[in-house]
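These notes are about the structure you will find just below.
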Amino acid sequence: MFNNIPPITRNIIIINIIVFIGSYFLGSKAIEYLAGFYPFSPFFHSWQIITHMFMHGSIMHILFNMLTLYSFGPILEQTLGEKRYLILYFVSGLGAFFLFNGWNFVEAQQYTRELQQLGFNVNAYLSGASVEFSGNAESVLRQKELLENFRGIVATPMVGASGAIFGVVAAFATLYPDSKIMMMFIPVPIKVKYLMPIVIVVSIYLGVSGNGGGIAHLAHVGGALVGWLLARNWKKHLYRFN
């Protein structure tokens, strides 16, 4: 059965499984070097924009992502060809990383400005220097709250193939809009052209509102946006590809 999966999809799944098993044994070192940290974080390394796509936080996380890729990837790989499918996957993953961190940048700048107004030296903090709070009790409490939010951006990495896979699903929805799929909490099949916009709107709301529950919803949006744009362009020349 596994050998019947087209080669690019099969190899992506294999690499994800290998990295997941390897990161289990490497522990925090794998997170430190391979997860995707905020680009202005002291923990960021340039290769993380790629390696984060192969990291997953739990068995359920990787299982859901790989099953989704297995469901949609082979069709697109056969439709687009290996080269364009590979471009779709990785560029969608990059789009996910940069949109997610673009929003992080906006929030980090807001926290930084307010902390500096309250007398807290953010640059010294990022360099590892010992920094103390100053001001009255109310100001110190506010600084601690802002710093906790800022630390959440700087020190919490994103992991997972979800952004790239959202690009794959969005491309599928663009090329095969009338296809019907089943969702876990929806008892009837629904056309993907109706389902995808709903998922995107909900993801935007959860990502911007901060109610994401630890999920990088804006990364999903970024991946889907890139997947849609690529598929929309390629759709014009689809028969020429084939």
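Order determines the names: the first chain of the structure tokens is A, the second B, and so forth; residues in each chain are numbered 1 upward, and ligands are numbered 1 upward as they are shown.
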
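Within 7 Å of region 50-61 of chain A there are Asn16, Val19, Phe20, Leu34, Ala35, Gly36, Gly93, Met158, Val159, Gly160 and Ala161 of chain A, counting only C-alpha atoms and ignoring same-chain residues fewer than 6 positions away.
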
In region 34-234 of chain A, DSSP helix (DSSP H, G or I) residues written as a ChimeraX atom specification: /A:34,48-54,59-80,82-117,122-126,137-155,162-175,192-209,217-234

Option closest in space to Gly223 (chain A), from A:Asn136, A:Ser92, A:Asn121, A:Thr112 [counting only C-alpha atoms]: A:Ser92

Test item, strand (DSSP E) assignment across region 110-236 of chain A, answer as a PyMOL selection string: chain A and resi 180-183+186-191

Can you write out the residues you just picked, keeping all heavy atoms, as a PDB file, in the first residue's frame?
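Final file, again13.pdb:
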```
ATOM      1  N   LYS A 180     -16.368  16.468  -2.880  1.00  0.00           N
ATOM      2  CA  LYS A 180     -16.993  16.424  -1.558  1.00  0.00           C
ATOM      3  C   LYS A 180     -16.120  15.625  -0.605  1.00  0.00           C
ATOM      4  O   LYS A 180     -15.569  14.583  -0.967  1.00  0.00           O
ATOM      5  CB  LYS A 180     -18.384  15.795  -1.632  1.00  0.00           C
ATOM      6  CG  LYS A 180     -19.390  16.627  -2.421  1.00  0.00           C
ATOM      7  CD  LYS A 180     -20.767  15.976  -2.415  1.00  0.00           C
ATOM      8  CE  LYS A 180     -21.781  16.840  -3.160  1.00  0.00           C
ATOM      9  NZ  LYS A 180     -23.137  16.238  -3.158  1.00  0.00           N
ATOM     10  N   ILE A 181     -15.975  16.140   0.613  1.00  0.00           N
ATOM     11  CA  ILE A 181     -15.193  15.443   1.632  1.00  0.00           C
ATOM     12  C   ILE A 181     -15.992  15.396   2.934  1.00  0.00           C
ATOM     13  O   ILE A 181     -16.904  16.196   3.148  1.00  0.00           O
ATOM     14  CB  ILE A 181     -13.829  16.115   1.875  1.00  0.00           C
ATOM     15  CG1 ILE A 181     -14.017  17.557   2.366  1.00  0.00           C
ATOM     16  CG2 ILE A 181     -12.983  16.096   0.618  1.00  0.00           C
ATOM     17  CD1 ILE A 181     -12.706  18.240   2.745  1.00  0.00           C
ATOM     18  N   MET A 182     -15.615  14.456   3.764  1.00  0.00           N
ATOM     19  CA  MET A 182     -16.259  14.314   5.072  1.00  0.00           C
ATOM     20  C   MET A 182     -15.357  14.935   6.136  1.00  0.00           C
ATOM     21  O   MET A 182     -14.144  14.783   6.098  1.00  0.00           O
ATOM     22  CB  MET A 182     -16.490  12.845   5.402  1.00  0.00           C
ATOM     23  CG  MET A 182     -17.523  12.153   4.530  1.00  0.00           C
ATOM     24  SD  MET A 182     -19.213  12.653   4.917  1.00  0.00           S
ATOM     25  CE  MET A 182     -19.394  11.965   6.566  1.00  0.00           C
ATOM     26  N   MET A 183     -15.972  15.637   7.070  1.00  0.00           N
ATOM     27  CA  MET A 183     -15.253  16.177   8.215  1.00  0.00           C
ATOM     28  C   MET A 183     -15.722  15.481   9.482  1.00  0.00           C
ATOM     29  O   MET A 183     -16.866  15.019   9.568  1.00  0.00           O
ATOM     30  CB  MET A 183     -15.476  17.686   8.330  1.00  0.00           C
ATOM     31  CG  MET A 183     -14.851  18.496   7.214  1.00  0.00           C
ATOM     32  SD  MET A 183     -13.054  18.467   7.234  1.00  0.00           S
ATOM     33  CE  MET A 183     -12.720  19.444   8.698  1.00  0.00           C
ATOM     34  N   ILE A 186     -18.875  17.016  10.935  1.00  0.00           N
ATOM     35  CA  ILE A 186     -19.959  17.304   9.994  1.00  0.00           C
ATOM     36  C   ILE A 186     -20.463  15.978   9.446  1.00  0.00           C
ATOM     37  O   ILE A 186     -19.710  15.247   8.784  1.00  0.00           O
ATOM     38  CB  ILE A 186     -19.472  18.217   8.849  1.00  0.00           C
ATOM     39  CG1 ILE A 186     -18.912  19.523   9.412  1.00  0.00           C
ATOM     40  CG2 ILE A 186     -20.605  18.509   7.876  1.00  0.00           C
ATOM     41  CD1 ILE A 186     -18.334  20.455   8.373  1.00  0.00           C
ATOM     42  N   PRO A 187     -21.732  15.611   9.701  1.00  0.00           N
ATOM     43  CA  PRO A 187     -22.229  14.270   9.380  1.00  0.00           C
ATOM     44  C   PRO A 187     -22.500  14.006   7.908  1.00  0.00           C
ATOM     45  O   PRO A 187     -22.804  12.887   7.531  1.00  0.00           O
ATOM     46  CB  PRO A 187     -23.533  14.190  10.193  1.00  0.00           C
ATOM     47  CG  PRO A 187     -23.994  15.612  10.303  1.00  0.00           C
ATOM     48  CD  PRO A 187     -22.736  16.439  10.391  1.00  0.00           C
ATOM     49  N   VAL A 188     -22.402  15.034   7.059  1.00  0.00           N
ATOM     50  CA  VAL A 188     -22.689  14.855   5.630  1.00  0.00           C
ATOM     51  C   VAL A 188     -21.505  15.364   4.811  1.00  0.00           C
ATOM     52  O   VAL A 188     -20.770  16.254   5.249  1.00  0.00           O
ATOM     53  CB  VAL A 188     -23.969  15.617   5.219  1.00  0.00           C
ATOM     54  CG1 VAL A 188     -25.192  15.017   5.907  1.00  0.00           C
ATOM     55  CG2 VAL A 188     -23.861  17.099   5.528  1.00  0.00           C
ATOM     56  N   PRO A 189     -21.315  14.815   3.607  1.00  0.00           N
ATOM     57  CA  PRO A 189     -20.238  15.327   2.738  1.00  0.00           C
ATOM     58  C   PRO A 189     -20.503  16.781   2.364  1.00  0.00           C
ATOM     59  O   PRO A 189     -21.641  17.190   2.176  1.00  0.00           O
ATOM     60  CB  PRO A 189     -20.323  14.418   1.499  1.00  0.00           C
ATOM     61  CG  PRO A 189     -21.086  13.218   1.943  1.00  0.00           C
ATOM     62  CD  PRO A 189     -22.035  13.685   2.998  1.00  0.00           C
ATOM     63  N   ILE A 190     -19.433  17.560   2.254  1.00  0.00           N
ATOM     64  CA  ILE A 190     -19.553  18.965   1.902  1.00  0.00           C
ATOM     65  C   ILE A 190     -18.524  19.296   0.831  1.00  0.00           C
ATOM     66  O   ILE A 190     -17.407  18.786   0.859  1.00  0.00           O
ATOM     67  CB  ILE A 190     -19.360  19.871   3.146  1.00  0.00           C
ATOM     68  CG1 ILE A 190     -19.528  21.345   2.782  1.00  0.00           C
ATOM     69  CG2 ILE A 190     -18.028  19.626   3.809  1.00  0.00           C
ATOM     70  CD1 ILE A 190     -19.566  22.266   3.977  1.00  0.00           C
ATOM     71  N   LYS A 191     -18.918  20.120  -0.133  1.00  0.00           N
ATOM     72  CA  LYS A 191     -17.999  20.489  -1.205  1.00  0.00           C
ATOM     73  C   LYS A 191     -16.835  21.287  -0.624  1.00  0.00           C
ATOM     74  O   LYS A 191     -17.029  22.186   0.191  1.00  0.00           O
ATOM     75  CB  LYS A 191     -18.723  21.298  -2.278  1.00  0.00           C
ATOM     76  CG  LYS A 191     -19.685  20.470  -3.129  1.00  0.00           C
ATOM     77  CD  LYS A 191     -20.276  21.293  -4.257  1.00  0.00           C
ATOM     78  CE  LYS A 191     -21.173  20.418  -5.126  1.00  0.00           C
ATOM     79  NZ  LYS A 191     -21.757  21.173  -6.264  1.00  0.00           N
TER      80      LYS A 191
END
```

A:Ile21, A:Leu141, A:Ile215, A:Val154 ranked by distance to Val122 (chain A), top pick (using only C-alpha atoms): A:Val154

Computed interatomic separation between CA of His217 (chain A) and CA of Val106 (chain A) (Å): 15.8 Å

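What separates CA of Pro6 (chain A) from CA of Gly73 (chain A) is a distance of 8.5 Å.
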
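Interatomic distance, CA of Asn123 (chain A) against CA of Arg142 (chain A): 18.1 Å.
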
What lies within 10 Å of Phe37 (chain A) using only C-alpha atoms, ignoring chain neighbours under 3 positions off, as a tab-separated table (two decimals) with N, CA and C atoms, in the first residue's frame?
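Now in out30.tsv:
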```tsv
chain	number	residue	atom	x	y	z
A	31	ILE	N	14.28	20.50	19.36
A	31	ILE	CA	13.45	21.70	19.35
A	31	ILE	C	14.32	22.94	19.18
A	32	GLU	N	15.41	23.00	19.91
A	32	GLU	CA	16.28	24.17	19.89
A	32	GLU	C	16.82	24.47	18.50
A	33	TYR	N	17.18	23.42	17.76
A	33	TYR	CA	17.84	23.63	16.47
A	33	TYR	C	16.92	23.48	15.26
A	34	LEU	N	15.84	22.72	15.38
A	34	LEU	CA	15.04	22.41	14.19
A	34	LEU	C	13.67	23.07	14.16
A	40	PHE	N	13.47	37.18	14.92
A	40	PHE	CA	14.26	38.13	15.72
A	40	PHE	C	14.55	37.59	17.12
A	41	SER	N	14.31	36.31	17.28
A	41	SER	CA	14.61	35.66	18.55
A	41	SER	C	16.08	35.23	18.57
A	42	PRO	N	16.72	35.26	19.73
A	42	PRO	CA	18.10	34.75	19.81
A	42	PRO	C	18.19	33.25	19.54
A	43	PHE	N	17.06	32.56	19.53
A	43	PHE	CA	17.05	31.12	19.28
A	43	PHE	C	16.89	30.77	17.80
A	44	PHE	N	16.71	31.79	16.96
A	44	PHE	CA	16.43	31.55	15.55
A	44	PHE	C	17.69	31.19	14.77
A	45	HIS	N	17.57	30.19	13.88
A	45	HIS	CA	18.60	29.85	12.91
A	45	HIS	C	17.94	29.79	11.53
A	46	SER	N	18.65	30.22	10.51
A	46	SER	CA	18.05	30.37	9.18
A	46	SER	C	17.44	29.09	8.64
A	48	GLN	N	15.80	26.93	10.07
A	48	GLN	CA	14.54	26.57	10.72
A	48	GLN	C	13.31	26.87	9.86
A	49	ILE	N	13.47	27.76	8.87
A	49	ILE	CA	12.32	28.05	8.00
A	49	ILE	C	11.93	26.81	7.19
A	52	HIS	N	11.39	23.32	10.40
A	52	HIS	CA	10.21	23.30	11.26
A	52	HIS	C	9.06	22.52	10.63
A	97	PHE	N	5.16	30.11	7.49
A	97	PHE	CA	6.14	30.62	8.44
A	97	PHE	C	6.15	32.15	8.46
A	101	ASN	N	4.83	34.69	11.44
A	101	ASN	CA	5.81	35.54	12.11
A	101	ASN	C	5.67	37.00	11.75
A	153	ILE	N	6.34	35.00	22.37
A	153	ILE	CA	6.66	35.12	20.95
A	153	ILE	C	8.10	34.70	20.68
A	154	VAL	N	9.01	35.18	21.49
A	154	VAL	CA	10.44	34.98	21.26
A	154	VAL	C	10.88	33.54	21.54
A	155	ALA	N	10.29	32.93	22.55
A	155	ALA	CA	10.79	31.64	23.03
A	155	ALA	C	9.92	30.45	22.65
A	156	THR	N	8.78	30.69	21.99
A	156	THR	CA	7.90	29.58	21.63
A	156	THR	C	7.98	29.33	20.13
A	157	PRO	N	8.51	28.17	19.72
A	157	PRO	CA	8.66	27.92	18.29
A	157	PRO	C	7.39	27.32	17.67
A	158	MET	N	7.31	27.41	16.35
A	158	MET	CA	6.24	26.71	15.63
A	158	MET	C	6.82	25.42	15.06
A	159	VAL	N	6.00	24.39	15.10
A	159	VAL	CA	6.42	23.09	14.56
A	159	VAL	C	5.27	22.50	13.75
```

Nearest candidate to Gly222 (chain A) (options A:Phe90, A:Lys193, A:Ser71, A:Phe98; using only C-alpha atoms): A:Phe98

Test item: residues at most 7 Å from region 225-239 of chain A, only C-alpha atoms, excluding those fewer than 6 positions along its chain, as number ranges by chain: A: 88, 92, 95, 167-168, 170-171, 174-175

Please dump the current selection as a short mmCIF file (atom, residue, chain, number, x, y, z; two decimals), in the first residue's frame; keep all heavy atoms.
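Resulting contents of selection.cif:
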```cif
data_model
loop_
_atom_site.label_atom_id
_atom_site.label_comp_id
_atom_site.auth_asym_id
_atom_site.auth_seq_id
_atom_site.Cartn_x
_atom_site.Cartn_y
_atom_site.Cartn_z
N LEU A 88 4.82 23.58 -4.62
CA LEU A 88 3.60 23.87 -3.86
C LEU A 88 3.79 23.58 -2.38
O LEU A 88 3.46 24.42 -1.53
CB LEU A 88 2.44 23.04 -4.41
CG LEU A 88 1.15 23.01 -3.57
CD1 LEU A 88 0.47 24.38 -3.59
CD2 LEU A 88 0.20 21.92 -4.07
N SER A 92 4.37 26.77 0.19
CA SER A 92 3.25 26.92 1.13
C SER A 92 3.75 26.91 2.57
O SER A 92 3.30 27.70 3.41
CB SER A 92 2.22 25.80 0.93
OG SER A 92 1.60 25.89 -0.33
N GLY A 95 5.29 30.23 3.19
CA GLY A 95 4.23 31.23 3.36
C GLY A 95 3.63 31.16 4.75
O GLY A 95 3.33 32.19 5.36
N GLY A 167 -1.58 24.38 2.32
CA GLY A 167 -1.36 24.79 0.94
C GLY A 167 -1.79 23.72 -0.04
O GLY A 167 -2.40 24.01 -1.08
N VAL A 168 -1.51 22.47 0.29
CA VAL A 168 -1.92 21.35 -0.55
C VAL A 168 -3.44 21.25 -0.62
O VAL A 168 -4.03 21.09 -1.69
CB VAL A 168 -1.32 20.03 -0.02
CG1 VAL A 168 -1.93 18.83 -0.72
CG2 VAL A 168 0.20 20.03 -0.18
N ALA A 170 -5.63 23.66 0.00
CA ALA A 170 -6.17 24.82 -0.70
C ALA A 170 -6.00 24.67 -2.21
O ALA A 170 -6.89 25.06 -2.99
CB ALA A 170 -5.47 26.10 -0.21
N ALA A 171 -4.88 24.10 -2.64
CA ALA A 171 -4.67 23.87 -4.07
C ALA A 171 -5.67 22.84 -4.59
O ALA A 171 -6.22 22.99 -5.69
CB ALA A 171 -3.24 23.39 -4.31
N THR A 174 -8.92 24.46 -5.08
CA THR A 174 -8.91 25.35 -6.24
C THR A 174 -9.06 24.56 -7.53
O THR A 174 -9.77 24.98 -8.45
CB THR A 174 -7.59 26.16 -6.28
OG1 THR A 174 -7.45 26.87 -5.04
CG2 THR A 174 -7.59 27.16 -7.42
N LEU A 175 -8.40 23.41 -7.60
CA LEU A 175 -8.43 22.61 -8.82
C LEU A 175 -9.64 21.69 -8.90
O LEU A 175 -10.12 21.37 -9.99
CB LEU A 175 -7.15 21.77 -8.92
CG LEU A 175 -5.83 22.56 -9.02
CD1 LEU A 175 -4.65 21.62 -9.03
CD2 LEU A 175 -5.82 23.45 -10.24
#
```
